[in-house]
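> Here it is: the structure, laid out below.
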Amino acid sequence: MKELFDNVSIRSSRMVTKAYSTSFSLGISCLDKPLRDPICAIYGFVRFADEIVDTFHDFNKPELLERFKKDTHLAIEEKISLNPILNSFQHAVNDYNIDLKLIDQFLYSMEMDLTKVEHSQRSYEEYILGSAEVVGLMCLKVFCYGDQAHYERLKPYAMKLGSAFQKINFLRDLNDDFLDMGRTYFPGVSLEHFDEIEKKEIEKDIEQDFQMGLEGIKKLPKSSRFGVYLAYVYYYALFNKIKNTHASRVLHKRIRIPNPRKFSLLFYTYLRHRFNII
């Protein structure tokens with residue numbers, strides 16, 4: 001029975017989520033139970049695509065990504081894939097009517113990572129749209145349970161929150177992206193001479209995204225609000241740690257939040273959510 005294969009598939013997506021991200025695993029565990037598996041399915045899909053462009057250096061990345069893209073479309077169309085991650089993802093896409101344009105925009109940003117090492121303002125905004133904002137919209141489709149009117153109201157907020165998370169990732173990963181892969185995401189910023197002035201300008205932009213993202217979290221259904229707020233609190237803690245770290249150290253060392261601190265943030269977030277402080 002296909003039900004057994006589907007169960008194996010979603011267990012694979014859960015395993016990928018847990019293996020690659022403690023923070024997102026914690027956030028997903030705080031969603032209402034019916035939401036957890038489709039969000040794990042989305043995360044697994046996004047993570048595998050990202051792995052192709054960021055990790056598989058000894059293989060033909062363009063060929064792998066093109067094959068992944070074709071397999072994704074086939075899985076959605078045929079409602080099955082022998083790739084368990086794509087099989088889980090197609091369920092989320094079909095069950096929650098996730099727009100194929102969002103998926104294609106995401107995959108286009110992954111393609112940009114294969115060739116683009118420096119960004120103009122326009123390509124930077126397009127990359128952020130595809131790599132982060134549309135991922136937020138995929139998740140929002142799940143959170144809104146098919147309520148299109150609610151989805152449209154929350155759409156701008158979800159995009160800003162996704163944008164804030166991605167820009168934090170860029171700052172956190174400056175060392176890997178620039179020194180190891182030669183990528184510069186922030187337009188007009190010379191990472192060879194990265195200083196506090198440039199860093200503070202980037203942080204100002206991120207702060208604005210965070211403010212709008214928080215407004216959207218307050219408008220989410222209760223079934224998803226706590227989990228998304230936990231992700232927000234974690235990333236804001238990481239943001240504060242980066243703000244308090246000198247530009248030269250950010251460039252040469254990946255800034256992290258230790259796992260014990262993540263669990264303390266979980267408790268803090270629960271209290272704020274429990275007593276309706278957000």
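Lettering and numbering for the structure tokens are positional, with chains as A, B, ... in the shown order, residues counted from 1 in each chain, and ligands counted from 1 in the shown order.
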Using only C-alpha atoms, tabulate the residues of stretch 144-191 of chain A lying at most 8 Å from any atom of stretch 126-130 of chain A, each with its closest atom pair and that distance in Å to one decimal, by chain and increasing residue number, as a tab-separated table.

```
residue	atom	partner	partner_atom	distance
A:Met159	CA	A:Leu129	CA	7.8
A:Ser163	CA	A:Ile128	CA	6.2
A:Gln166	CA	A:Ile128	CA	7.1
```
> Would you output that residue set with all heavy atoms, as a short mmCIF file (atom, residue, chain, number, x, y, z; two decimals), in the first residue's frame?

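Once written, again17.cif looks like this:
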```cif
data_model
loop_
_atom_site.label_atom_id
_atom_site.label_comp_id
_atom_site.auth_asym_id
_atom_site.auth_seq_id
_atom_site.Cartn_x
_atom_site.Cartn_y
_atom_site.Cartn_z
N MET A 159 6.87 37.32 3.79
CA MET A 159 8.01 37.59 2.92
C MET A 159 9.10 38.34 3.68
O MET A 159 10.29 38.04 3.55
CB MET A 159 7.55 38.38 1.69
CG MET A 159 6.63 37.58 0.77
SD MET A 159 5.93 38.54 -0.59
CE MET A 159 7.38 38.68 -1.66
N SER A 163 12.85 37.10 4.55
CA SER A 163 13.97 37.95 4.15
C SER A 163 14.92 38.18 5.31
O SER A 163 16.15 38.10 5.16
CB SER A 163 13.44 39.28 3.62
OG SER A 163 14.48 40.16 3.30
N GLN A 166 16.99 35.07 6.03
CA GLN A 166 18.02 34.82 5.03
C GLN A 166 19.20 35.79 5.18
O GLN A 166 20.36 35.39 5.06
CB GLN A 166 17.43 34.91 3.62
CG GLN A 166 18.40 34.62 2.49
CD GLN A 166 18.90 33.20 2.49
OE1 GLN A 166 19.58 32.77 3.42
NE2 GLN A 166 18.57 32.45 1.45
#
```
> Just asking: which residues within stretch 66-275 of chain A are alpha helix (DSSP H) according to DSSP, as JSON, numbers by chain?
{"A": [66, 67, 68, 69, 70, 71, 72, 73, 74, 75, 76, 77, 78, 84, 85, 86, 87, 88, 89, 90, 91, 92, 93, 94, 95, 96, 100, 101, 102, 103, 104, 105, 106, 107, 108, 109, 110, 111, 112, 113, 114, 115, 121, 122, 123, 124, 125, 126, 127, 128, 134, 135, 136, 137, 138, 139, 140, 141, 142, 143, 148, 149, 150, 151, 152, 153, 154, 155, 156, 157, 158, 159, 160, 161, 162, 163, 164, 165, 166, 167, 168, 169, 170, 171, 172, 174, 196, 197, 198, 199, 200, 201, 202, 203, 204, 205, 206, 207, 208, 209, 210, 211, 212, 213, 214, 215, 216, 217, 218, 219, 222, 223, 224, 225, 226, 227, 228, 229, 230, 231, 232, 233, 234, 235, 236, 237, 238, 239, 240, 241, 242, 243, 247, 248, 249, 250, 251, 252, 259, 260, 261, 262, 263, 264, 265, 266, 267, 268, 269, 270, 271, 272, 273, 274]}
> Measuring atom to atom with only C-alpha atoms, identify which of A:Lys241, A:Lys141, A:His246, A:Lys79 is nearest to A:Lys199.
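Going through A:Lys241, A:Lys141, A:His246, A:Lys79 one by one, the smallest distance to A:Lys199 is for A:His246.
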> Which of these, A:Pro187, A:Asp95, A:Leu26, A:Lys219, has the shortest distance to A:Leu266 once you count only C-alpha atoms?
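Smallest distance to A:Leu266 is found for A:Leu26.
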> Could you name the residues that touch A:Lys101 at 12 Å or less, counting only C-alpha atoms, but leaving out those on the same chain fewer than 2 positions away, as a list in words?
His73, Val93, Asn97, Ile98, Asp99, Ile103, Asp104, Gln105, Phe106, Leu107, Tyr108, Leu129, Gly130, Val134, Val135, Leu137 and Met138 of chain A
> Contacts of A:Lys243 at 9 Å or less, counting only C-alpha atoms, minus same-chain residues fewer than 5 places along, as a PyMOL selection string?
chain A and resi 199-200+203+238
> Return the single residue from A:Gln148, A:Asn244, A:Asn7, A:Ser120 that is closest to A:Phe186, with distances computed using only C-alpha atoms.
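Once distances to A:Phe186 are computed over only C-alpha atoms, the minimum belongs to A:Ser120.
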> Excluding A:Tyr234 and its own-chain neighbours fewer than 3 positions away, which residues fall within 7 Å of it when counting only C-alpha atoms? Please give them as a list in words.
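That gives Leu230, Ala231, Ala237, Leu238, Lys262 and Leu265 of chain A.
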> Using only C-alpha atoms, which protein or nucleic acid residues come within 7 Å of stretch 224-228 of chain A? Drop anything in the same chain fewer than 5 positions from it, and give the result as a list in words.
Gly27, Ile28, Cys30, Leu31, Asp32, Phe143, Ile217 and His273 of chain A
> Emit the selected residues as a PDB file, in the first residue's frame, including all heavy atoms.

```pdb
ATOM      1  N   GLY A  27      11.203  24.669  16.377  1.00  0.00           N
ATOM      2  CA  GLY A  27      10.075  25.487  15.938  1.00  0.00           C
ATOM      3  C   GLY A  27       8.941  24.638  15.401  1.00  0.00           C
ATOM      4  O   GLY A  27       7.764  24.855  15.733  1.00  0.00           O
ATOM      5  N   ILE A  28       9.274  23.652  14.574  1.00  0.00           N
ATOM      6  CA  ILE A  28       8.255  22.779  13.986  1.00  0.00           C
ATOM      7  C   ILE A  28       7.554  21.963  15.064  1.00  0.00           C
ATOM      8  O   ILE A  28       6.340  21.742  15.006  1.00  0.00           O
ATOM      9  CB  ILE A  28       8.882  21.877  12.906  1.00  0.00           C
ATOM     10  CG1 ILE A  28       9.272  22.718  11.685  1.00  0.00           C
ATOM     11  CG2 ILE A  28       7.919  20.764  12.484  1.00  0.00           C
ATOM     12  CD1 ILE A  28      10.088  21.986  10.638  1.00  0.00           C
ATOM     13  N   CYS A  30       6.742  22.882  17.844  1.00  0.00           N
ATOM     14  CA  CYS A  30       5.825  23.757  18.568  1.00  0.00           C
ATOM     15  C   CYS A  30       4.615  24.175  17.731  1.00  0.00           C
ATOM     16  O   CYS A  30       3.769  24.943  18.196  1.00  0.00           O
ATOM     17  CB  CYS A  30       6.570  25.002  19.063  1.00  0.00           C
ATOM     18  SG  CYS A  30       7.816  24.630  20.311  1.00  0.00           S
ATOM     19  N   LEU A  31       4.548  23.715  16.495  1.00  0.00           N
ATOM     20  CA  LEU A  31       3.344  23.900  15.692  1.00  0.00           C
ATOM     21  C   LEU A  31       2.299  22.877  16.132  1.00  0.00           C
ATOM     22  O   LEU A  31       2.625  21.849  16.721  1.00  0.00           O
ATOM     23  CB  LEU A  31       3.653  23.686  14.207  1.00  0.00           C
ATOM     24  CG  LEU A  31       4.703  24.587  13.560  1.00  0.00           C
ATOM     25  CD1 LEU A  31       5.028  24.071  12.155  1.00  0.00           C
ATOM     26  CD2 LEU A  31       4.221  26.028  13.500  1.00  0.00           C
ATOM     27  N   ASP A  32       1.022  23.145  15.829  1.00  0.00           N
ATOM     28  CA  ASP A  32       0.009  22.123  16.049  1.00  0.00           C
ATOM     29  C   ASP A  32       0.347  20.892  15.216  1.00  0.00           C
ATOM     30  O   ASP A  32       0.883  21.011  14.107  1.00  0.00           O
ATOM     31  CB  ASP A  32      -1.376  22.650  15.674  1.00  0.00           C
ATOM     32  CG  ASP A  32      -2.011  23.454  16.808  1.00  0.00           C
ATOM     33  OD1 ASP A  32      -1.299  23.788  17.783  1.00  0.00           O
ATOM     34  OD2 ASP A  32      -3.213  23.768  16.707  1.00  0.00           O
ATOM     35  N   PHE A 143       0.025  27.123   6.938  1.00  0.00           N
ATOM     36  CA  PHE A 143      -0.487  27.741   8.162  1.00  0.00           C
ATOM     37  C   PHE A 143      -1.923  28.239   8.010  1.00  0.00           C
ATOM     38  O   PHE A 143      -2.686  28.257   8.971  1.00  0.00           O
ATOM     39  CB  PHE A 143       0.407  28.908   8.585  1.00  0.00           C
ATOM     40  CG  PHE A 143       1.825  28.516   8.927  1.00  0.00           C
ATOM     41  CD1 PHE A 143       2.864  29.431   8.767  1.00  0.00           C
ATOM     42  CD2 PHE A 143       2.124  27.250   9.399  1.00  0.00           C
ATOM     43  CE1 PHE A 143       4.165  29.080   9.077  1.00  0.00           C
ATOM     44  CE2 PHE A 143       3.426  26.881   9.715  1.00  0.00           C
ATOM     45  CZ  PHE A 143       4.453  27.806   9.556  1.00  0.00           C
ATOM     46  N   ILE A 217       3.509  37.704  12.588  1.00  0.00           N
ATOM     47  CA  ILE A 217       3.400  36.575  13.512  1.00  0.00           C
ATOM     48  C   ILE A 217       2.194  36.756  14.428  1.00  0.00           C
ATOM     49  O   ILE A 217       1.463  35.798  14.723  1.00  0.00           O
ATOM     50  CB  ILE A 217       4.696  36.426  14.328  1.00  0.00           C
ATOM     51  CG1 ILE A 217       5.852  35.988  13.419  1.00  0.00           C
ATOM     52  CG2 ILE A 217       4.519  35.421  15.467  1.00  0.00           C
ATOM     53  CD1 ILE A 217       7.211  35.990  14.088  1.00  0.00           C
ATOM     54  N   HIS A 273       4.429  33.441  24.969  1.00  0.00           N
ATOM     55  CA  HIS A 273       3.262  33.020  24.200  1.00  0.00           C
ATOM     56  C   HIS A 273       2.111  32.631  25.139  1.00  0.00           C
ATOM     57  O   HIS A 273       0.955  33.003  24.902  1.00  0.00           O
ATOM     58  CB  HIS A 273       3.634  31.835  23.316  1.00  0.00           C
ATOM     59  CG  HIS A 273       2.512  31.343  22.468  1.00  0.00           C
ATOM     60  ND1 HIS A 273       1.711  30.286  22.833  1.00  0.00           N
ATOM     61  CD2 HIS A 273       2.040  31.774  21.258  1.00  0.00           C
ATOM     62  CE1 HIS A 273       0.796  30.087  21.891  1.00  0.00           C
ATOM     63  NE2 HIS A 273       0.973  30.961  20.953  1.00  0.00           N
TER      64      HIS A 273
END
```
> Counting only C-alpha atoms, which residues in stretch 172-236 of chain A sit no more than 10 Å from stretch 48-54 of chain A? For each one, give the nearest pair of atoms and the distance in Å, sorted by chain then residue number, as JSON lines.

```
{"residue": "A:Asp176", "atom": "CA", "partner": "A:Asp54", "partner_atom": "CA", "distance": 9.7}
{"residue": "A:Asp177", "atom": "CA", "partner": "A:Asp54", "partner_atom": "CA", "distance": 9.0}
{"residue": "A:Met181", "atom": "CA", "partner": "A:Asp54", "partner_atom": "CA", "distance": 8.5}
```
> Neighbouring residues of A:Ile202 were defined as those with any atom within 10 Å, considering only C-alpha atoms; residues of the same chain fewer than 6 positions away were excluded. Please report them as a ChimeraX atom specification.
/A:167-168,171,186,189,196
> Have a look at atom CA of A:Tyr236 and atom CA of A:Phe165 and let me know their distance in Å, one decimal.
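The value is 8.8 Å.
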> So, counting only C-alpha atoms, which residue among A:Ala158, A:Ile76, A:Val233, A:Ile242 is closest to A:Leu220?
A:Ala158
